[in-house]
file protein21.cif (mmCIF, C-alpha atoms)
data_coords
loop_
_atom_site.label_atom_id
_atom_site.label_comp_id
_atom_site.auth_asym_id
_atom_site.auth_seq_id
_atom_site.Cartn_x
_atom_site.Cartn_y
_atom_site.Cartn_z
CA MET A 1 0.00 0.00 0.00
CA ASN A 2 2.92 2.33 0.73
CA ALA A 3 6.64 2.25 1.44
CA GLN A 4 5.89 1.10 4.98
CA THR A 5 3.93 -1.99 3.85
CA GLU A 6 5.48 -5.34 4.79
CA TYR A 7 4.17 -8.53 3.19
CA LEU A 8 4.41 -11.93 4.88
CA MET A 9 2.84 -15.38 5.07
CA ILE A 10 1.52 -16.93 8.27
CA ASP A 11 0.22 -20.40 9.10
CA GLY A 12 -3.56 -20.52 8.91
CA ALA A 13 -5.89 -23.34 9.93
CA VAL A 14 -5.70 -25.02 6.51
CA GLY A 15 -2.60 -23.51 4.90
CA LYS A 16 -0.50 -20.42 4.43
CA LEU A 17 -2.18 -17.00 4.55
CA GLN A 18 -0.96 -13.87 2.78
CA CYS A 19 -0.80 -10.79 5.01
CA ALA A 20 0.26 -7.16 4.87
CA ILE A 21 1.40 -4.97 7.76
CA ASP A 22 1.26 -1.18 7.48
CA LEU A 23 3.20 0.68 10.15
CA PRO A 24 2.97 4.28 11.27
CA ASP A 25 5.80 6.58 10.22
CA PRO A 26 8.57 5.94 12.76
CA ASP A 27 10.07 9.40 12.22
CA THR A 28 6.90 11.35 12.94
CA GLN A 29 4.82 8.92 15.01
CA GLY A 30 7.33 6.67 16.74
CA ALA A 31 6.56 3.07 17.65
CA PRO A 32 3.01 1.74 17.12
CA ARG A 33 0.62 2.56 19.95
CA GLY A 34 -1.97 -0.03 18.95
CA LEU A 35 -2.70 -3.03 16.75
CA ALA A 36 -5.56 -3.13 14.23
CA LEU A 37 -6.66 -6.17 12.23
CA VAL A 38 -8.60 -5.32 9.06
CA ALA A 39 -10.93 -7.84 7.35
CA HIS A 40 -11.90 -7.53 3.68
CA PRO A 41 -15.26 -8.12 1.91
CA HIS A 42 -16.65 -11.37 0.50
CA PRO A 43 -13.99 -13.63 -1.09
CA LEU A 44 -16.39 -15.03 -3.68
CA TYR A 45 -17.32 -11.58 -4.99
CA GLY A 46 -13.87 -10.12 -5.56
CA GLY A 47 -13.03 -9.19 -1.98
CA THR A 48 -9.31 -8.95 -1.20
CA MET A 49 -7.08 -7.20 1.31
CA ASP A 50 -6.44 -4.61 -1.42
CA ASN A 51 -10.11 -3.57 -1.48
CA LYS A 52 -10.33 0.22 -1.32
CA VAL A 53 -12.33 0.28 1.92
CA ALA A 54 -9.89 -2.16 3.57
CA GLN A 55 -6.98 -0.01 2.43
CA THR A 56 -8.74 3.11 3.70
CA LEU A 57 -9.15 1.46 7.11
CA ALA A 58 -5.48 0.49 7.17
CA ARG A 59 -4.43 4.06 6.31
CA THR A 60 -6.78 5.41 8.95
CA PHE A 61 -5.26 3.24 11.65
CA THR A 62 -1.67 4.01 10.70
CA GLY A 63 -2.66 7.67 10.90
CA LEU A 64 -3.83 6.96 14.45
CA GLY A 65 -0.45 5.41 15.21
CA TYR A 66 -1.56 1.79 14.96
CA ALA A 67 0.09 -1.12 13.20
CA ALA A 68 -2.59 -2.13 10.68
CA VAL A 69 -2.64 -5.75 9.51
CA ARG A 70 -4.66 -7.01 6.53
CA MET A 71 -5.01 -10.64 5.46
CA ASN A 72 -6.29 -12.31 2.32
CA PHE A 73 -8.89 -14.81 3.43
CA ARG A 74 -8.37 -18.45 2.46
CA GLY A 75 -8.56 -18.95 -1.31
CA VAL A 76 -7.80 -15.29 -2.07
CA GLY A 77 -4.52 -14.13 -3.62
CA GLN A 78 -1.69 -16.28 -2.31
CA SER A 79 -3.70 -17.57 0.66
CA GLU A 80 -4.29 -21.32 0.61
CA GLY A 81 -7.55 -23.13 1.30
CA SER A 82 -11.07 -22.34 0.13
CA TYR A 83 -14.00 -20.20 1.26
CA ASP A 84 -15.64 -21.43 4.48
CA ALA A 85 -18.69 -19.17 4.99
CA GLY A 86 -16.99 -17.09 7.68
CA ILE A 87 -16.35 -20.01 10.04
CA GLY A 88 -12.83 -20.93 8.94
CA GLU A 89 -12.13 -17.27 8.20
CA THR A 90 -12.77 -16.45 11.86
CA ASP A 91 -10.37 -19.22 12.88
CA ASP A 92 -7.75 -17.77 10.53
CA MET A 93 -8.26 -14.25 11.88
CA GLU A 94 -7.68 -15.53 15.41
CA LEU A 95 -4.47 -17.21 14.25
CA LEU A 96 -3.42 -13.91 12.67
CA LEU A 97 -4.07 -12.17 15.98
CA ASN A 98 -2.00 -14.74 17.84
CA ALA A 99 0.85 -14.31 15.36
CA MET A 100 0.74 -10.52 15.64
CA ARG A 101 0.65 -10.72 19.45
CA LEU A 102 4.13 -12.24 19.29
CA ARG A 103 5.32 -9.08 17.55
CA PHE A 104 3.04 -6.52 19.27
CA PRO A 105 2.34 -8.23 22.60
CA ASP A 106 0.79 -5.56 24.79
CA LEU A 107 -0.75 -3.00 22.44
CA PRO A 108 -4.45 -2.07 22.50
CA LEU A 109 -6.38 -4.08 19.90
CA ALA A 110 -8.89 -2.89 17.32
CA LEU A 111 -10.83 -5.16 14.95
CA ALA A 112 -12.06 -3.54 11.75
CA GLY A 113 -13.97 -4.99 8.82
CA PHE A 114 -15.94 -4.15 5.72
CA SER A 115 -19.08 -6.04 4.61
CA PHE A 116 -18.39 -9.80 4.99
CA GLY A 117 -15.37 -8.77 7.06
CA THR A 118 -17.70 -7.30 9.69
CA PHE A 119 -19.24 -10.74 10.20
CA VAL A 120 -15.80 -12.28 10.73
CA GLN A 121 -14.62 -9.57 13.11
CA SER A 122 -17.79 -9.48 15.20
CA ARG A 123 -17.60 -13.29 15.54
CA LEU A 124 -13.95 -13.02 16.53
CA GLN A 125 -14.77 -10.39 19.14
CA LEU A 126 -17.40 -12.70 20.65
CA ARG A 127 -14.81 -15.47 20.82
CA LEU A 128 -12.22 -13.16 22.38
CA GLN A 129 -14.76 -12.00 24.97
CA GLU A 130 -15.29 -15.63 25.96
CA GLN A 131 -11.49 -15.95 26.31
CA ASN A 132 -11.33 -12.80 28.46
CA ARG A 133 -9.12 -11.00 25.94
CA PRO A 134 -11.54 -8.86 23.90
CA ALA A 135 -10.52 -6.18 21.44
CA ASP A 136 -10.75 -2.66 22.81
CA ARG A 137 -12.82 -1.45 19.85
CA LEU A 138 -14.63 -2.63 16.73
CA VAL A 139 -14.97 -0.63 13.53
CA LEU A 140 -17.63 -2.05 11.20
CA ILE A 141 -18.13 -0.52 7.75
CA GLY A 142 -21.16 -1.71 5.79
CA ALA A 143 -22.05 -4.20 8.54
CA ALA A 144 -23.44 -7.41 7.05
CA ALA A 145 -26.71 -7.46 9.00
CA GLY A 146 -29.44 -9.44 7.30
CA LYS A 147 -26.90 -11.23 5.10
CA TRP A 148 -25.20 -13.01 8.00
CA ASP A 149 -26.10 -13.87 11.57
CA MET A 150 -24.35 -10.92 13.15
CA PRO A 151 -23.82 -11.32 16.90
CA ALA A 152 -24.32 -8.60 19.47
CA ILE A 153 -21.48 -6.09 19.58
CA PRO A 154 -19.97 -3.80 22.23
CA ALA A 155 -21.61 -0.44 22.85
CA ASN A 156 -18.47 1.51 21.82
CA THR A 157 -18.39 -0.02 18.31
CA ILE A 158 -17.99 2.48 15.46
CA LEU A 159 -20.48 1.70 12.69
CA ILE A 160 -20.59 3.47 9.33
CA HIS A 161 -23.09 2.70 6.58
CA GLY A 162 -24.02 4.11 3.21
CA GLU A 163 -27.48 5.62 2.81
CA LEU A 164 -27.92 4.05 -0.63
CA ASP A 165 -26.36 0.65 0.11
CA ASP A 166 -28.35 -1.83 -2.00
CA THR A 167 -26.20 -4.82 -1.00
CA ILE A 168 -26.89 -4.47 2.73
CA PRO A 169 -29.89 -2.14 3.16
CA LEU A 170 -29.62 0.38 5.95
CA SER A 171 -32.98 -0.87 7.26
CA ALA A 172 -31.44 -4.29 7.97
CA VAL A 173 -28.63 -2.66 9.96
CA LEU A 174 -31.11 -0.61 11.96
CA ASP A 175 -33.17 -3.73 12.71
CA TRP A 176 -30.02 -5.41 14.05
CA LEU A 177 -28.88 -2.41 16.09
CA ARG A 178 -32.26 -1.31 17.47
CA PRO A 179 -32.50 -3.84 20.32
CA GLN A 180 -28.85 -3.16 21.17
CA GLU A 181 -29.47 0.61 21.23
CA ILE A 182 -26.23 1.21 19.32
CA PRO A 183 -26.01 4.16 16.89
CA VAL A 184 -24.76 4.03 13.32
CA THR A 185 -23.29 6.91 11.30
CA VAL A 186 -24.93 7.14 7.87
CA ILE A 187 -23.09 8.74 4.96
CA PRO A 188 -25.66 10.44 2.70
CA GLY A 189 -25.56 9.32 -0.90
CA ALA A 190 -23.01 6.57 -0.28
CA ASP A 191 -23.39 3.16 -1.91
CA HIS A 192 -22.07 -0.13 -0.55
CA PHE A 193 -18.52 0.50 -1.74
CA PHE A 194 -18.47 4.19 -0.73
CA HIS A 195 -17.47 5.34 -4.22
CA ARG A 196 -16.17 8.92 -4.03
CA ARG A 197 -16.87 8.92 -0.29
CA LEU A 198 -13.96 6.93 1.12
CA HIS A 199 -12.54 10.07 2.71
CA HIS A 200 -15.59 10.20 4.98
CA ILE A 201 -14.65 6.82 6.47
CA LYS A 202 -11.20 8.06 7.44
CA GLN A 203 -12.52 11.34 8.80
CA LEU A 204 -15.28 9.69 10.83
CA VAL A 205 -13.18 6.91 12.37
CA THR A 206 -10.45 9.39 13.25
CA SER A 207 -12.89 11.85 14.84
CA LEU A 208 -14.72 9.13 16.79
CA TRP A 209 -11.55 7.46 18.06
CA ASP A 210 -10.77 8.05 21.72
#

call {"tool": "encode", "arguments": {"input": "protein21.cif", "output": "structure tokens"}}
result
Amino acid sequence: MNAQTEYLMIDGAVGKLQCAIDLPDPDTQGAPRGLALVAHPHPLYGGTMDNKVAQTLARTFTGLGYAAVRMNFRGVGQSEGSYDAGIGETDDMELLLNAMRLRFPDLPLALAGFSFGTFVQSRLQLRLQEQNRPADRLVLIGAAAGKWDMPAIPANTILIHGELDDTIPLSAVLDWLRPQEIPVTVIPGADHFFHRRLHHIKQLVTSLWD
């Protein structure tokens, strides 16, 4: 993604997984102050770690001083294995977290995802809560409510959705969030892929970050 991007392979549940680490500028920001894992959209519909929303999230987190880590889900790019409906992908994301904890052991953790990636990250957060090591914050862009069985999420989750999303209608997201009483930020005129509105994602996440 930039000169600071490092590419590597890790051991997933069913084979090697292709990953990318983006680091904050050491000259102006110093050492990373947090770790963010970014999950891309649906593997069967062209989703990769180079998706523009995933890249925008990575840039946003490096701007916040975080080490941002993206991974191609199984069967995508150089990652081995095949699509597993979010189940195996969650296992792989946990293995990525464990691998990154060896390198960034004590940093605050954020889980971020776009579309299908929100299903994976919200499932991972539920698993981490059960293990008493939850992420400090979730960032869900185009949350996959109605498409997937999205679990309950923490109250401090940052949610951003496009007003004109015809892949995941805003109404489905509101139905999911209503009983949880969690707000969502709606970008007027934005479609599912936030064409010409990616800058809003960066601005909103940055302004809402504590």

call {"tool": "closest_residue", "arguments": {"input": "protein21.cif", "among": "A:Pro188, A:Pro24, A:Gly88, A:Pro154", "to": "Leu111 of chain A", "atoms": "all atoms listed in the file"}}
result
A:Pro154

call {"tool": "atom_distance", "arguments": {"input": "protein21.cif", "atom1": "atom CA of Leu159 of chain A", "atom2": "atom CA of Tyr66 of chain A"}}
result
19.1 Å

call {"tool": "resolve_selection", "arguments": {"input": "protein21.cif", "expression": "the PyMOL selection byres ((chain A and resi 45) around 12)", "output": "PDB file with C-alpha atoms, in the coordinates of the input"}}
result
ATOM      1  CA  HIS A  40     -11.900  -7.530   3.680  1.00  0.00           C
ATOM      2  CA  PRO A  41     -15.260  -8.120   1.910  1.00  0.00           C
ATOM      3  CA  HIS A  42     -16.650 -11.370   0.500  1.00  0.00           C
ATOM      4  CA  PRO A  43     -13.990 -13.630  -1.090  1.00  0.00           C
ATOM      5  CA  LEU A  44     -16.390 -15.030  -3.680  1.00  0.00           C
ATOM      6  CA  GLY A  46     -13.870 -10.120  -5.560  1.00  0.00           C
ATOM      7  CA  GLY A  47     -13.030  -9.190  -1.980  1.00  0.00           C
ATOM      8  CA  THR A  48      -9.310  -8.950  -1.200  1.00  0.00           C
ATOM      9  CA  ASN A  51     -10.110  -3.570  -1.480  1.00  0.00           C
ATOM     10  CA  VAL A  76      -7.800 -15.290  -2.070  1.00  0.00           C
ATOM     11  CA  TYR A  83     -14.000 -20.200   1.260  1.00  0.00           C
ATOM     12  CA  SER A 115     -19.080  -6.040   4.610  1.00  0.00           C
ATOM     13  CA  PHE A 116     -18.390  -9.800   4.990  1.00  0.00           C
ATOM     14  CA  THR A 167     -26.200  -4.820  -1.000  1.00  0.00           C
TER      15      THR A 167
END

call {"tool": "residues_near_point", "arguments": {"input": "protein21.cif", "point": "(-5.4, -1.0, 21.6)", "cutoff": "9 Å", "atoms": "all atoms listed in the file", "output": "mmCIF file with C-alpha atoms, keeping the file's coordinate frame"}}
result
data_model
loop_
_atom_site.group_PDB
_atom_site.id
_atom_site.type_symbol
_atom_site.label_atom_id
_atom_site.label_comp_id
_atom_site.auth_asym_id
_atom_site.auth_seq_id
_atom_site.Cartn_x
_atom_site.Cartn_y
_atom_site.Cartn_z
ATOM 1 C CA ARG A 33 0.620 2.560 19.950
ATOM 2 C CA GLY A 34 -1.970 -0.030 18.950
ATOM 3 C CA LEU A 35 -2.700 -3.030 16.750
ATOM 4 C CA ALA A 36 -5.560 -3.130 14.230
ATOM 5 C CA TYR A 66 -1.560 1.790 14.960
ATOM 6 C CA ASP A 106 0.790 -5.560 24.790
ATOM 7 C CA LEU A 107 -0.750 -3.000 22.440
ATOM 8 C CA PRO A 108 -4.450 -2.070 22.500
ATOM 9 C CA LEU A 109 -6.380 -4.080 19.900
ATOM 10 C CA ALA A 110 -8.890 -2.890 17.320
ATOM 11 C CA ALA A 135 -10.520 -6.180 21.440
ATOM 12 C CA ASP A 136 -10.750 -2.660 22.810
ATOM 13 C CA ARG A 137 -12.820 -1.450 19.850
#

call {"tool": "resolve_selection", "arguments": {"input": "protein21.cif", "expression": "the PyMOL selection byres ((chain A and resi 168) around 12)", "output": "PDB file with C-alpha atoms, keeping the file's coordinate frame"}}
result
ATOM      1  CA  PHE A 114     -15.940  -4.150   5.720  1.00  0.00           C
ATOM      2  CA  SER A 115     -19.080  -6.040   4.610  1.00  0.00           C
ATOM      3  CA  PHE A 116     -18.390  -9.800   4.990  1.00  0.00           C
ATOM      4  CA  THR A 118     -17.700  -7.300   9.690  1.00  0.00           C
ATOM      5  CA  ILE A 141     -18.130  -0.520   7.750  1.00  0.00           C
ATOM      6  CA  GLY A 142     -21.160  -1.710   5.790  1.00  0.00           C
ATOM      7  CA  ALA A 143     -22.050  -4.200   8.540  1.00  0.00           C
ATOM      8  CA  ALA A 144     -23.440  -7.410   7.050  1.00  0.00           C
ATOM      9  CA  ALA A 145     -26.710  -7.460   9.000  1.00  0.00           C
ATOM     10  CA  GLY A 146     -29.440  -9.440   7.300  1.00  0.00           C
ATOM     11  CA  LYS A 147     -26.900 -11.230   5.100  1.00  0.00           C
ATOM     12  CA  TRP A 148     -25.200 -13.010   8.000  1.00  0.00           C
ATOM     13  CA  HIS A 161     -23.090   2.700   6.580  1.00  0.00           C
ATOM     14  CA  GLY A 162     -24.020   4.110   3.210  1.00  0.00           C
ATOM     15  CA  GLU A 163     -27.480   5.620   2.810  1.00  0.00           C
ATOM     16  CA  LEU A 164     -27.920   4.050  -0.630  1.00  0.00           C
ATOM     17  CA  ASP A 165     -26.360   0.650   0.110  1.00  0.00           C
ATOM     18  CA  ASP A 166     -28.350  -1.830  -2.000  1.00  0.00           C
ATOM     19  CA  THR A 167     -26.200  -4.820  -1.000  1.00  0.00           C
ATOM     20  CA  PRO A 169     -29.890  -2.140   3.160  1.00  0.00           C
ATOM     21  CA  LEU A 170     -29.620   0.380   5.950  1.00  0.00           C
ATOM     22  CA  SER A 171     -32.980  -0.870   7.260  1.00  0.00           C
ATOM     23  CA  ALA A 172     -31.440  -4.290   7.970  1.00  0.00           C
ATOM     24  CA  VAL A 173     -28.630  -2.660   9.960  1.00  0.00           C
ATOM     25  CA  LEU A 174     -31.110  -0.610  11.960  1.00  0.00           C
ATOM     26  CA  ASP A 175     -33.170  -3.730  12.710  1.00  0.00           C
ATOM     27  CA  TRP A 176     -30.020  -5.410  14.050  1.00  0.00           C
ATOM     28  CA  ASP A 191     -23.390   3.160  -1.910  1.00  0.00           C
ATOM     29  CA  HIS A 192     -22.070  -0.130  -0.550  1.00  0.00           C
ATOM     30  CA  PHE A 193     -18.520   0.500  -1.740  1.00  0.00           C
TER      31      PHE A 193
END

call {"tool": "resolve_selection", "arguments": {"input": "protein21.cif", "expression": "the PyMOL selection byres ((chain A and resi 207) around 12)", "output": "count of residues only"}}
result
15

call {"tool": "residues_around", "arguments": {"input": "protein21.cif", "residues": "segment 52-55 of chain A", "least_positions_apart": "2", "cutoff": "8 Å", "atoms": "all atoms listed in the file", "output": "list in words"}}
result
Met1, Val38, Ala39, His40, Met49, Asp50, Leu57, Ala58, Arg59, Arg70, Gly113, Phe114, Phe193, Phe194 and Leu198 of chain A

call {"tool": "atom_distance", "arguments": {"input": "protein21.cif", "atom1": "atom CA of Pro32 of chain A", "atom2": "atom CA of Gly77 of chain A"}}
result
27.2 Å

call {"tool": "closest_residue", "arguments": {"input": "protein21.cif", "among": "A:Ile187, A:Leu97, A:Val14, A:Ala152", "to": "Phe119 of chain A", "atoms": "only C-alpha atoms"}}
result
A:Ala152

call {"tool": "atom_distance", "arguments": {"input": "protein21.cif", "atom1": "atom CA of Ile160 of chain A", "atom2": "atom CA of Met100 of chain A"}}
result
26.3 Å

call {"tool": "closest_residue", "arguments": {"input": "protein21.cif", "among": "A:Ile87, A:Leu124, A:Met150, A:Leu37", "to": "Ala68 of chain A", "atoms": "all atoms listed in the file"}}
result
A:Leu37

call {"tool": "residues_around", "arguments": {"input": "protein21.cif", "residues": "Glu89 of chain A", "least_positions_apart": "2", "cutoff": "7 Å", "atoms": "all atoms listed in the file", "output": "list in words"}}
result
Phe73, Arg74, Asp84, Gly86, Ile87, Asp91, Asp92, Met93 and Val120 of chain A
